[in-house]
>>> print(open('target-v5.tsv').read())   # TSV, C-alpha atoms
chain	number	residue	atom	x	y	z
A	19	MET	CA	-11.40	21.08	13.61
A	20	GLN	CA	-8.73	19.05	15.38
A	21	TYR	CA	-5.13	20.28	14.99
A	22	PHE	CA	-1.75	18.77	15.85
A	23	GLU	CA	-1.88	20.33	19.33
A	24	ASP	CA	-5.19	18.57	20.03
A	25	ILE	CA	-3.92	15.04	19.42
A	26	SER	CA	-2.48	12.96	22.31
A	27	VAL	CA	-0.04	10.08	22.25
A	28	GLY	CA	-1.95	6.95	23.26
A	29	GLU	CA	-5.29	7.98	21.85
A	30	THR	CA	-7.03	5.16	20.03
A	31	HIS	CA	-9.88	4.97	17.58
A	32	GLU	CA	-11.84	2.00	16.27
A	33	PHE	CA	-14.14	2.17	13.32
A	34	GLY	CA	-15.61	0.27	10.42
A	35	SER	CA	-17.14	-1.78	8.93
A	36	TYR	CA	-16.55	-2.77	5.28
A	37	GLU	CA	-17.75	-6.04	3.78
A	38	VAL	CA	-15.40	-7.40	1.14
A	39	THR	CA	-17.30	-9.17	-1.63
A	40	GLU	CA	-15.89	-11.75	-4.03
A	41	GLU	CA	-16.92	-9.47	-6.88
A	42	GLU	CA	-14.86	-6.58	-5.51
A	43	ILE	CA	-11.84	-8.81	-4.79
A	44	ILE	CA	-11.83	-9.98	-8.41
A	45	SER	CA	-12.49	-6.53	-9.85
A	46	PHE	CA	-9.63	-4.89	-7.93
A	47	ALA	CA	-7.22	-7.71	-8.72
A	48	GLU	CA	-8.04	-7.81	-12.42
A	49	GLN	CA	-7.00	-4.17	-12.60
A	50	TYR	CA	-4.04	-4.04	-10.19
A	51	ASP	CA	-2.91	-7.49	-9.04
A	52	PRO	CA	-3.90	-10.09	-11.64
A	53	GLN	CA	-2.67	-13.26	-9.95
A	54	PRO	CA	-4.91	-16.36	-10.11
A	55	PHE	CA	-5.43	-16.61	-6.32
A	56	HIS	CA	-6.93	-13.08	-6.45
A	57	THR	CA	-8.91	-13.32	-9.71
A	58	ASP	CA	-10.03	-16.92	-10.26
A	59	PRO	CA	-11.95	-18.80	-7.53
A	60	GLU	CA	-11.27	-22.18	-9.17
A	61	ALA	CA	-7.57	-21.64	-9.72
A	62	ALA	CA	-7.33	-20.27	-6.18
A	63	GLU	CA	-8.32	-23.71	-4.82
A	64	GLU	CA	-4.93	-24.97	-6.01
A	65	SER	CA	-3.05	-22.08	-4.37
A	66	PHE	CA	-1.33	-21.71	-1.01
A	67	PHE	CA	-4.51	-20.38	0.64
A	68	GLY	CA	-6.88	-22.93	-0.91
A	69	ARG	CA	-9.43	-20.30	-1.91
A	70	LEU	CA	-9.79	-16.80	-3.30
A	71	VAL	CA	-8.07	-14.09	-1.20
A	72	ALA	CA	-8.00	-10.31	-1.57
A	73	SER	CA	-4.89	-8.61	-2.91
A	74	GLY	CA	-2.89	-7.13	-0.05
A	75	TRP	CA	-3.04	-3.80	-1.85
A	76	HIS	CA	-6.82	-4.11	-1.94
A	77	THR	CA	-6.92	-4.58	1.83
A	78	ALA	CA	-4.68	-1.53	2.19
A	79	ALA	CA	-6.95	0.53	-0.09
A	80	ILE	CA	-10.06	-0.51	1.90
A	81	THR	CA	-8.21	0.50	5.10
A	82	MET	CA	-7.61	3.95	3.59
A	83	ARG	CA	-11.28	4.23	2.69
A	84	LEU	CA	-12.29	3.42	6.27
A	85	ILE	CA	-9.81	6.00	7.60
A	86	VAL	CA	-11.02	8.73	5.25
A	87	ASP	CA	-14.67	7.99	6.03
A	88	HIS	CA	-13.95	8.04	9.74
A	89	ARG	CA	-11.88	11.13	10.16
A	90	SER	CA	-14.05	13.03	7.65
A	91	ASP	CA	-13.69	16.74	8.37
A	92	ASP	CA	-12.53	16.67	11.96
A	93	ILE	CA	-8.73	16.45	11.58
A	94	ALA	CA	-6.56	19.03	9.79
A	95	ALA	CA	-4.82	16.22	7.86
A	96	LEU	CA	-2.20	17.08	5.27
A	97	GLY	CA	-1.55	13.59	3.91
A	98	ALA	CA	1.14	11.12	4.91
A	99	LYS	CA	4.77	10.95	3.88
A	100	GLY	CA	4.83	7.19	4.09
A	101	LEU	CA	4.60	4.21	6.35
A	102	ASP	CA	6.74	1.57	8.00
A	103	ASP	CA	6.43	-2.08	9.00
A	104	LEU	CA	3.53	-2.97	6.74
A	105	ARG	CA	2.61	-6.62	7.27
A	106	TRP	CA	-0.14	-8.69	5.74
A	107	ARG	CA	-0.77	-10.95	8.73
A	108	GLN	CA	-3.79	-12.97	7.65
A	109	PRO	CA	-5.57	-13.48	4.33
A	110	VAL	CA	-8.80	-11.62	3.60
A	111	PHE	CA	-11.54	-13.84	2.16
A	112	PRO	CA	-14.80	-13.01	0.36
A	113	GLY	CA	-17.45	-12.06	2.92
A	114	ASP	CA	-14.97	-10.83	5.51
A	115	VAL	CA	-16.03	-7.64	7.28
A	116	LEU	CA	-13.11	-5.32	8.01
A	117	SER	CA	-12.67	-2.61	10.59
A	118	VAL	CA	-9.74	-0.43	11.63
A	119	ARG	CA	-8.04	0.38	14.94
A	120	THR	CA	-5.53	3.23	15.22
A	121	GLU	CA	-3.28	4.39	18.05
A	122	VAL	CA	-1.11	7.50	18.08
A	123	VAL	CA	2.29	6.23	19.24
A	124	GLU	CA	4.43	9.35	18.76
A	125	LYS	CA	4.13	13.09	18.07
A	126	ARG	CA	6.85	15.11	16.37
A	127	ALA	CA	6.51	18.84	15.81
A	128	ASP	CA	8.79	19.11	12.81
A	129	HIS	CA	7.61	22.31	11.17
A	130	ALA	CA	6.23	25.66	12.22
A	131	ASP	CA	2.95	25.03	10.42
A	132	ARG	CA	2.53	21.28	10.80
A	133	GLY	CA	3.59	18.26	12.83
A	134	GLU	CA	4.17	14.61	12.12
A	135	LEU	CA	2.51	11.77	13.97
A	136	ARG	CA	3.33	8.09	14.04
A	137	THR	CA	0.10	6.14	14.11
A	138	ARG	CA	-0.15	2.38	14.53
A	139	THR	CA	-2.89	1.16	12.21
A	140	GLU	CA	-4.43	-2.30	12.36
A	141	THR	CA	-7.09	-3.73	10.08
A	142	LEU	CA	-9.19	-6.48	11.65
A	143	ASN	CA	-11.64	-9.03	10.32
A	144	GLN	CA	-14.99	-9.99	11.89
A	145	ASN	CA	-13.22	-12.48	14.19
A	146	GLY	CA	-10.92	-9.83	15.62
A	147	ASP	CA	-7.86	-11.17	13.76
A	148	VAL	CA	-5.42	-8.50	12.58
A	149	VAL	CA	-5.15	-8.94	8.80
A	150	LEU	CA	-2.96	-5.90	8.06
A	151	SER	CA	-0.85	-3.61	10.23
A	152	TYR	CA	1.47	-0.70	9.64
A	153	VAL	CA	2.79	2.46	11.23
A	154	THR	CA	1.84	5.50	9.20
A	155	ILE	CA	3.40	8.96	9.37
A	156	PRO	CA	0.54	11.45	8.90
A	157	MET	CA	1.12	15.19	8.85
A	158	VAL	CA	-1.39	17.40	10.65
A	159	ALA	CA	-1.61	21.19	10.54
A	160	ARG	CA	-0.69	23.11	13.69
A	161	ARG	CA	-3.16	25.63	14.97
A	162	THR	CA	-2.03	29.17	14.24
A	163	GLU	CA	-1.37	31.44	17.23
A	164	GLY	CA	-4.42	33.55	16.49
A	165	ALA	CA	-6.71	30.58	16.00
A	166	GLU	CA	-5.35	28.96	19.14
A	167	SER	CA	-6.32	31.86	21.41
A	168	THR	CA	-9.76	31.96	19.83
A	169	GLU	CA	-10.29	28.24	20.45
A	170	ASP	CA	-8.95	28.35	23.98
A	171	VAL	CA	-11.23	31.19	25.11
B	24	MET	CA	11.02	-21.05	-13.90
B	25	GLN	CA	13.32	-19.00	-11.65
B	26	TYR	CA	13.69	-20.26	-8.07
B	27	PHE	CA	15.20	-18.74	-4.93
B	28	GLU	CA	18.59	-20.29	-5.79
B	29	ASP	CA	18.61	-18.54	-9.18
B	30	ILE	CA	18.26	-15.00	-7.78
B	31	SER	CA	21.36	-12.92	-6.99
B	32	VAL	CA	21.79	-10.04	-4.57
B	33	GLY	CA	22.39	-6.91	-6.66
B	34	GLU	CA	20.33	-7.94	-9.64
B	35	THR	CA	18.18	-5.13	-10.97
B	36	HIS	CA	15.21	-4.95	-13.28
B	37	GLU	CA	13.52	-1.98	-14.93
B	38	PHE	CA	10.16	-2.16	-16.58
B	39	GLY	CA	7.01	-0.27	-17.44
B	40	SER	CA	5.24	1.76	-18.62
B	41	TYR	CA	1.81	2.77	-17.29
B	42	GLU	CA	0.08	6.04	-18.18
B	43	VAL	CA	-2.02	7.39	-15.33
B	44	THR	CA	-5.13	9.14	-16.62
B	45	GLU	CA	-7.21	11.72	-14.77
B	46	GLU	CA	-10.21	9.43	-15.18
B	47	GLU	CA	-8.43	6.55	-13.44
B	48	ILE	CA	-7.11	8.79	-10.64
B	49	ILE	CA	-10.66	9.96	-9.90
B	50	SER	CA	-12.20	6.49	-10.25
B	51	PHE	CA	-9.73	4.86	-7.83
B	52	ALA	CA	-10.01	7.69	-5.32
B	53	GLU	CA	-13.81	7.79	-5.37
B	54	GLN	CA	-13.77	4.15	-4.30
B	55	TYR	CA	-10.80	4.02	-1.89
B	56	ASP	CA	-9.43	7.48	-1.03
B	57	PRO	CA	-12.18	10.08	-1.46
B	58	GLN	CA	-10.28	13.24	-0.61
B	59	PRO	CA	-10.90	16.34	-2.78
B	60	PHE	CA	-7.29	16.60	-4.06
B	61	HIS	CA	-7.73	13.08	-5.50
B	62	THR	CA	-11.33	13.29	-6.77
B	63	ASP	CA	-12.10	16.90	-7.76
B	64	PRO	CA	-9.81	18.79	-10.20
B	65	GLU	CA	-11.30	22.16	-9.21
B	66	ALA	CA	-11.08	21.63	-5.47
B	67	ALA	CA	-7.55	20.27	-5.97
B	68	GLU	CA	-6.43	23.70	-7.20
B	69	GLU	CA	-6.91	24.97	-3.64
B	70	SER	CA	-4.93	22.09	-2.13
B	71	PHE	CA	-1.28	21.72	-1.13
B	72	PHE	CA	-0.30	20.40	-4.58
B	73	GLY	CA	-2.32	22.94	-6.60
B	74	ARG	CA	-3.81	20.31	-8.89
B	75	LEU	CA	-5.24	16.80	-8.94
B	76	VAL	CA	-2.83	14.11	-7.70
B	77	ALA	CA	-3.17	10.32	-7.54
B	78	SER	CA	-3.84	8.61	-4.21
B	79	GLY	CA	-0.63	7.15	-2.86
B	80	TRP	CA	-2.42	3.80	-2.62
B	81	HIS	CA	-3.30	4.10	-6.30
B	82	THR	CA	0.38	4.59	-7.17
B	83	ALA	CA	1.20	1.53	-5.04
B	84	ALA	CA	-1.49	-0.52	-6.80
B	85	ILE	CA	-0.17	0.50	-10.24
B	86	THR	CA	3.32	-0.49	-9.10
B	87	MET	CA	1.99	-3.95	-8.20
B	88	ARG	CA	0.35	-4.24	-11.60
B	89	LEU	CA	3.64	-3.43	-13.34
B	90	ILE	CA	5.46	-6.00	-11.18
B	91	VAL	CA	2.91	-8.74	-11.88
B	92	ASP	CA	2.94	-8.00	-15.60
B	93	HIS	CA	6.72	-8.03	-15.66
B	94	ARG	CA	7.53	-11.13	-13.71
B	95	SER	CA	4.64	-13.04	-15.27
B	96	ASP	CA	5.45	-16.76	-15.08
B	97	ASP	CA	9.19	-16.67	-14.68
B	98	ILE	CA	9.58	-16.45	-10.89
B	99	ALA	CA	8.28	-19.02	-8.40
B	100	ALA	CA	6.74	-16.21	-6.33
B	101	LEU	CA	4.72	-17.06	-3.22
B	102	GLY	CA	3.51	-13.59	-2.30
B	103	ALA	CA	5.03	-11.10	0.11
B	104	LYS	CA	4.79	-10.91	3.88
B	105	GLY	CA	4.99	-7.15	3.88
B	106	LEU	CA	7.17	-4.17	3.20
B	107	ASP	CA	9.22	-1.52	4.95
B	108	ASP	CA	10.14	2.12	4.44
B	109	LEU	CA	7.33	3.00	2.07
B	110	ARG	CA	7.66	6.66	1.06
B	111	TRP	CA	5.59	8.72	-1.34
B	112	ARG	CA	8.40	10.97	-2.58
B	113	GLN	CA	6.72	12.99	-5.32
B	114	PRO	CA	3.11	13.50	-6.38
B	115	VAL	CA	1.73	11.63	-9.39
B	116	PHE	CA	-0.25	13.84	-11.78
B	117	PRO	CA	-2.68	12.99	-14.61
B	118	GLY	CA	-0.72	12.05	-17.73
B	119	ASP	CA	2.34	10.82	-15.82
B	120	VAL	CA	3.86	7.63	-17.21
B	121	LEU	CA	5.17	5.33	-14.49
B	122	SER	CA	7.79	2.61	-14.60
B	123	VAL	CA	9.40	0.45	-11.92
B	124	ARG	CA	12.97	-0.37	-10.93
B	125	THR	CA	13.78	-3.21	-8.53
B	126	GLU	CA	16.99	-4.37	-6.89
B	127	VAL	CA	17.48	-7.48	-4.77
B	128	VAL	CA	19.30	-6.19	-1.68
B	129	GLU	CA	19.28	-9.30	0.52
B	130	LYS	CA	18.54	-13.03	0.37
B	131	ARG	CA	17.45	-15.06	3.37
B	132	ALA	CA	16.84	-18.80	3.18
B	133	ASP	CA	14.36	-19.06	5.99
B	134	HIS	CA	12.52	-22.25	5.21
B	135	ALA	CA	13.27	-25.62	3.64
B	136	ASP	CA	10.86	-25.01	0.80
B	137	ARG	CA	11.13	-21.24	0.27
B	138	GLY	CA	13.34	-18.24	0.91
B	139	GLU	CA	12.74	-14.58	1.62
B	140	LEU	CA	14.21	-11.73	-0.40
B	141	ARG	CA	14.43	-8.07	0.41
B	142	THR	CA	13.84	-6.12	-2.78
B	143	ARG	CA	14.20	-2.35	-3.11
B	144	THR	CA	11.38	-1.13	-5.33
B	145	GLU	CA	11.20	2.33	-6.87
B	146	THR	CA	8.43	3.74	-9.03
B	147	LEU	CA	9.54	6.50	-11.40
B	148	ASN	CA	7.72	9.04	-13.55
B	149	GLN	CA	8.59	9.98	-17.14
B	150	ASN	CA	11.18	12.49	-15.88
B	151	GLY	CA	13.06	9.84	-13.90
B	152	ASP	CA	11.85	11.19	-10.53
B	153	VAL	CA	11.21	8.53	-7.91
B	154	VAL	CA	7.55	8.95	-6.87
B	155	LEU	CA	7.28	5.91	-4.56
B	156	SER	CA	9.85	3.64	-2.95
B	157	TYR	CA	9.74	0.73	-0.55
B	158	VAL	CA	11.56	-2.44	0.44
B	159	THR	CA	9.38	-5.48	-0.08
B	160	ILE	CA	9.85	-8.94	1.42
B	161	PRO	CA	8.83	-11.42	-1.27
B	162	MET	CA	8.90	-15.16	-0.71
B	163	VAL	CA	10.18	-17.36	-3.51
B	164	ALA	CA	10.03	-21.17	-3.70
B	165	ARG	CA	13.32	-23.07	-3.44
B	166	ARG	CA	14.03	-25.60	-6.12
B	167	THR	CA	13.49	-29.08	-4.78
B	168	GLU	CA	16.47	-31.43	-4.77
B	169	GLY	CA	14.96	-33.56	-7.51
B	170	ALA	CA	14.02	-30.61	-9.68
B	171	GLU	CA	17.44	-29.06	-9.12
B	172	SER	CA	19.32	-32.05	-10.51
B	173	THR	CA	16.98	-32.19	-13.48
B	174	GLU	CA	17.51	-28.50	-14.24
B	175	ASP	CA	21.26	-28.72	-13.79
B	176	VAL	CA	21.72	-31.64	-16.20
>>> encode(input="target-v5.tsv", output="structure tokens")
Amino acid sequence: MQYFEDISVGETHEFGSYEVTEEEIISFAEQYDPQPFHTDPEAAEESFFGRLVASGWHTAAITMRLIVDHRSDDIAALGAKGLDDLRWRQPVFPGDVLSVRTEVVEKRADHADRGELRTRTETLNQNGDVVLSYVTIPMVARRTEGAESTEDV
Amino acid sequence: MQYFEDISVGETHEFGSYEVTEEEIISFAEQYDPQPFHTDPEAAEESFFGRLVASGWHTAAITMRLIVDHRSDDIAALGAKGLDDLRWRQPVFPGDVLSVRTEVVEKRADHADRGELRTRTETLNQNGDVVLSYVTIPMVARRTEGAESTEDV
């Protein structure tokens, strides 16, 4: 188990991949973002992007799925209080294959039992273009004194 | 149709509602945020919140749905480039009924054909608690000169 004390500023991780199908783009958008350029391939041809694109919230949700699958059980994560500077930089099209790159840019030990990180998160397509980026503020449990001595021995 | 010129700083809108069921919380989380406190009511009892809570990305997606349903065809919206200061302020539990409040806090006419807004968005539960807030940066089409004179006559 990796605790707050075990995480270093500057550490990076890259992981993926997730193929985004047209079917999933439409299914997500019909439920949560029913705009024609997300739900209707024909109508999307008349839109700004000229073809069907994924909802930005869908791309964000896929990014979360990749993060959860990656970190699995190895970080004492306690959720995130929020995020800053979210930007949808490029559209996501059917057939795109997404991956995620994270970098810890700051550590803050705010509480006796847990600390806050600031983690730069970028979602990339198969061409290496960043399609989504944000800075998230995850909270990670601190190792207790007793557990720390055990781990250090 | 409401164009960039028709929108005033300080204007607010309130709309909803959306009941969040346990079934939908679990279904969203199984696909995009498979952590036990989002997917497993029993395991969630042992978690920080003591019961099942919605994924923060699910709350954000529901907020988008409420916005799309509300604005429907009356704003010349061109999507959003991103958002700032997203904070998950309170957990969302099964049975909560969400609504949304927006306020235009800034207008920027960045381009000949469209302008950017900054819109404070808050998602509230049935008790009036803010569960999610962010500042979004929507783009709205400007009325063309020709269309403007037609509308003004």
>>> interface_residues(input="target-v5.tsv", of="chain A", to="chain B", cutoff="6 Å", atoms="only C-alpha atoms", output="VMD selection string")
chain A and resid 50 to 51 79 to 80 83 99 to 106
>>> residues_near_point(input="target-v5.tsv", point="(27.2, -2.1, -5.5)", cutoff="12 Å", atoms="all atoms listed in the file", output="PyMOL selection string")
chain B and resi 32-35+126-128
>>> atom_distance(input="target-v5.tsv", atom1="atom CA of Glu45 of chain B", atom2="atom CA of Pro117 of chain B")
4.7 Å
>>> atom_distance(input="target-v5.tsv", atom1="atom CA of Arg161 of chain A", atom2="atom CA of Glu134 of chain A")
13.5 Å
>>> atom_distance(input="target-v5.tsv", atom1="atom CA of Ser122 of chain B", atom2="atom CA of Gly151 of chain B")
9.0 Å
>>> closest_residue(input="target-v5.tsv", among="A:His31, A:Arg89, A:Arg160, A:Arg119", to="Asn143 of chain A", atoms="all atoms listed in the file")
A:Arg119
>>> residues_near_point(input="target-v5.tsv", point="(-1.9, 22.9, 8.3)", cutoff="9 Å", atoms="all atoms listed in the file", output="VMD selection string")
chain A and resid 21 to 22 94 to 96 131 to 133 157 to 162
>>> decode(input="target-v5.tsv", residues="segment 128-155 of chain A", atoms="N, CA and C atoms", output="PDB file, in the first residue's frame")
ATOM      1  N   ASP A 128      -1.975  18.455   4.750  1.00  0.00           N
ATOM      2  CA  ASP A 128      -2.957  19.352   5.366  1.00  0.00           C
ATOM      3  C   ASP A 128      -3.522  18.835   6.674  1.00  0.00           C
ATOM      4  N   HIS A 129      -3.533  17.538   6.847  1.00  0.00           N
ATOM      5  CA  HIS A 129      -4.233  16.949   7.987  1.00  0.00           C
ATOM      6  C   HIS A 129      -3.334  15.897   8.627  1.00  0.00           C
ATOM      7  N   ALA A 130      -3.610  15.613   9.883  1.00  0.00           N
ATOM      8  CA  ALA A 130      -2.813  14.616  10.596  1.00  0.00           C
ATOM      9  C   ALA A 130      -2.904  13.250   9.931  1.00  0.00           C
ATOM     10  N   ASP A 131      -4.100  12.932   9.416  1.00  0.00           N
ATOM     11  CA  ASP A 131      -4.314  11.576   8.901  1.00  0.00           C
ATOM     12  C   ASP A 131      -4.227  11.452   7.392  1.00  0.00           C
ATOM     13  N   ARG A 132      -4.196  12.608   6.698  1.00  0.00           N
ATOM     14  CA  ARG A 132      -4.165  12.536   5.237  1.00  0.00           C
ATOM     15  C   ARG A 132      -3.521  13.789   4.655  1.00  0.00           C
ATOM     16  N   GLY A 133      -3.056  13.677   3.420  1.00  0.00           N
ATOM     17  CA  GLY A 133      -2.478  14.820   2.727  1.00  0.00           C
ATOM     18  C   GLY A 133      -3.153  15.028   1.393  1.00  0.00           C
ATOM     19  N   GLU A 134      -2.984  16.231   0.866  1.00  0.00           N
ATOM     20  CA  GLU A 134      -3.502  16.556  -0.455  1.00  0.00           C
ATOM     21  C   GLU A 134      -2.366  16.595  -1.460  1.00  0.00           C
ATOM     22  N   LEU A 135      -2.626  16.081  -2.641  1.00  0.00           N
ATOM     23  CA  LEU A 135      -1.706  16.220  -3.764  1.00  0.00           C
ATOM     24  C   LEU A 135      -2.313  17.184  -4.775  1.00  0.00           C
ATOM     25  N   ARG A 136      -1.491  17.694  -5.659  1.00  0.00           N
ATOM     26  CA  ARG A 136      -1.989  18.279  -6.903  1.00  0.00           C
ATOM     27  C   ARG A 136      -1.360  17.480  -8.030  1.00  0.00           C
ATOM     28  N   THR A 137      -2.214  16.883  -8.853  1.00  0.00           N
ATOM     29  CA  THR A 137      -1.742  15.966  -9.883  1.00  0.00           C
ATOM     30  C   THR A 137      -2.214  16.441 -11.242  1.00  0.00           C
ATOM     31  N   ARG A 138      -1.257  16.726 -12.127  1.00  0.00           N
ATOM     32  CA  ARG A 138      -1.570  17.096 -13.500  1.00  0.00           C
ATOM     33  C   ARG A 138      -1.979  15.843 -14.252  1.00  0.00           C
ATOM     34  N   THR A 139      -3.145  15.872 -14.845  1.00  0.00           N
ATOM     35  CA  THR A 139      -3.680  14.701 -15.533  1.00  0.00           C
ATOM     36  C   THR A 139      -3.942  15.064 -16.989  1.00  0.00           C
ATOM     37  N   GLU A 140      -3.409  14.261 -17.891  1.00  0.00           N
ATOM     38  CA  GLU A 140      -3.637  14.492 -19.317  1.00  0.00           C
ATOM     39  C   GLU A 140      -4.154  13.210 -19.954  1.00  0.00           C
ATOM     40  N   THR A 141      -5.193  13.367 -20.767  1.00  0.00           N
ATOM     41  CA  THR A 141      -5.738  12.249 -21.523  1.00  0.00           C
ATOM     42  C   THR A 141      -5.301  12.423 -22.970  1.00  0.00           C
ATOM     43  N   LEU A 142      -4.743  11.365 -23.548  1.00  0.00           N
ATOM     44  CA  LEU A 142      -4.167  11.448 -24.896  1.00  0.00           C
ATOM     45  C   LEU A 142      -4.882  10.500 -25.832  1.00  0.00           C
ATOM     46  N   ASN A 143      -4.913  10.853 -27.106  1.00  0.00           N
ATOM     47  CA  ASN A 143      -5.424   9.907 -28.103  1.00  0.00           C
ATOM     48  C   ASN A 143      -4.263   9.097 -28.695  1.00  0.00           C
ATOM     49  N   GLN A 144      -4.598   8.233 -29.666  1.00  0.00           N
ATOM     50  CA  GLN A 144      -3.602   7.314 -30.235  1.00  0.00           C
ATOM     51  C   GLN A 144      -2.500   8.039 -31.004  1.00  0.00           C
ATOM     52  N   ASN A 145      -2.713   9.324 -31.322  1.00  0.00           N
ATOM     53  CA  ASN A 145      -1.675  10.103 -32.010  1.00  0.00           C
ATOM     54  C   ASN A 145      -0.793  10.889 -31.044  1.00  0.00           C
ATOM     55  N   GLY A 146      -1.067  10.741 -29.748  1.00  0.00           N
ATOM     56  CA  GLY A 146      -0.293  11.488 -28.760  1.00  0.00           C
ATOM     57  C   GLY A 146      -0.815  12.902 -28.521  1.00  0.00           C
ATOM     58  N   ASP A 147      -1.944  13.269 -29.131  1.00  0.00           N
ATOM     59  CA  ASP A 147      -2.547  14.578 -28.868  1.00  0.00           C
ATOM     60  C   ASP A 147      -3.233  14.557 -27.503  1.00  0.00           C
ATOM     61  N   VAL A 148      -3.033  15.635 -26.738  1.00  0.00           N
ATOM     62  CA  VAL A 148      -3.770  15.771 -25.473  1.00  0.00           C
ATOM     63  C   VAL A 148      -5.198  16.190 -25.804  1.00  0.00           C
ATOM     64  N   VAL A 149      -6.174  15.400 -25.388  1.00  0.00           N
ATOM     65  CA  VAL A 149      -7.579  15.730 -25.659  1.00  0.00           C
ATOM     66  C   VAL A 149      -8.242  16.371 -24.446  1.00  0.00           C
ATOM     67  N   LEU A 150      -7.736  16.076 -23.258  1.00  0.00           N
ATOM     68  CA  LEU A 150      -8.310  16.606 -22.018  1.00  0.00           C
ATOM     69  C   LEU A 150      -7.170  16.771 -21.022  1.00  0.00           C
ATOM     70  N   SER A 151      -7.187  17.871 -20.266  1.00  0.00           N
ATOM     71  CA  SER A 151      -6.197  18.026 -19.202  1.00  0.00           C
ATOM     72  C   SER A 151      -6.842  18.728 -18.019  1.00  0.00           C
ATOM     73  N   TYR A 152      -6.364  18.403 -16.848  1.00  0.00           N
ATOM     74  CA  TYR A 152      -6.802  19.096 -15.637  1.00  0.00           C
ATOM     75  C   TYR A 152      -5.803  18.834 -14.523  1.00  0.00           C
ATOM     76  N   VAL A 153      -5.921  19.641 -13.471  1.00  0.00           N
ATOM     77  CA  VAL A 153      -5.136  19.411 -12.267  1.00  0.00           C
ATOM     78  C   VAL A 153      -6.107  18.963 -11.193  1.00  0.00           C
ATOM     79  N   THR A 154      -5.932  17.757 -10.701  1.00  0.00           N
ATOM     80  CA  THR A 154      -6.831  17.226  -9.696  1.00  0.00           C
ATOM     81  C   THR A 154      -6.193  17.326  -8.314  1.00  0.00           C
ATOM     82  N   ILE A 155      -7.018  17.269  -7.283  1.00  0.00           N
ATOM     83  CA  ILE A 155      -6.569  17.480  -5.915  1.00  0.00           C
ATOM     84  C   ILE A 155      -6.931  16.237  -5.096  1.00  0.00           C
TER      85      ILE A 155
END
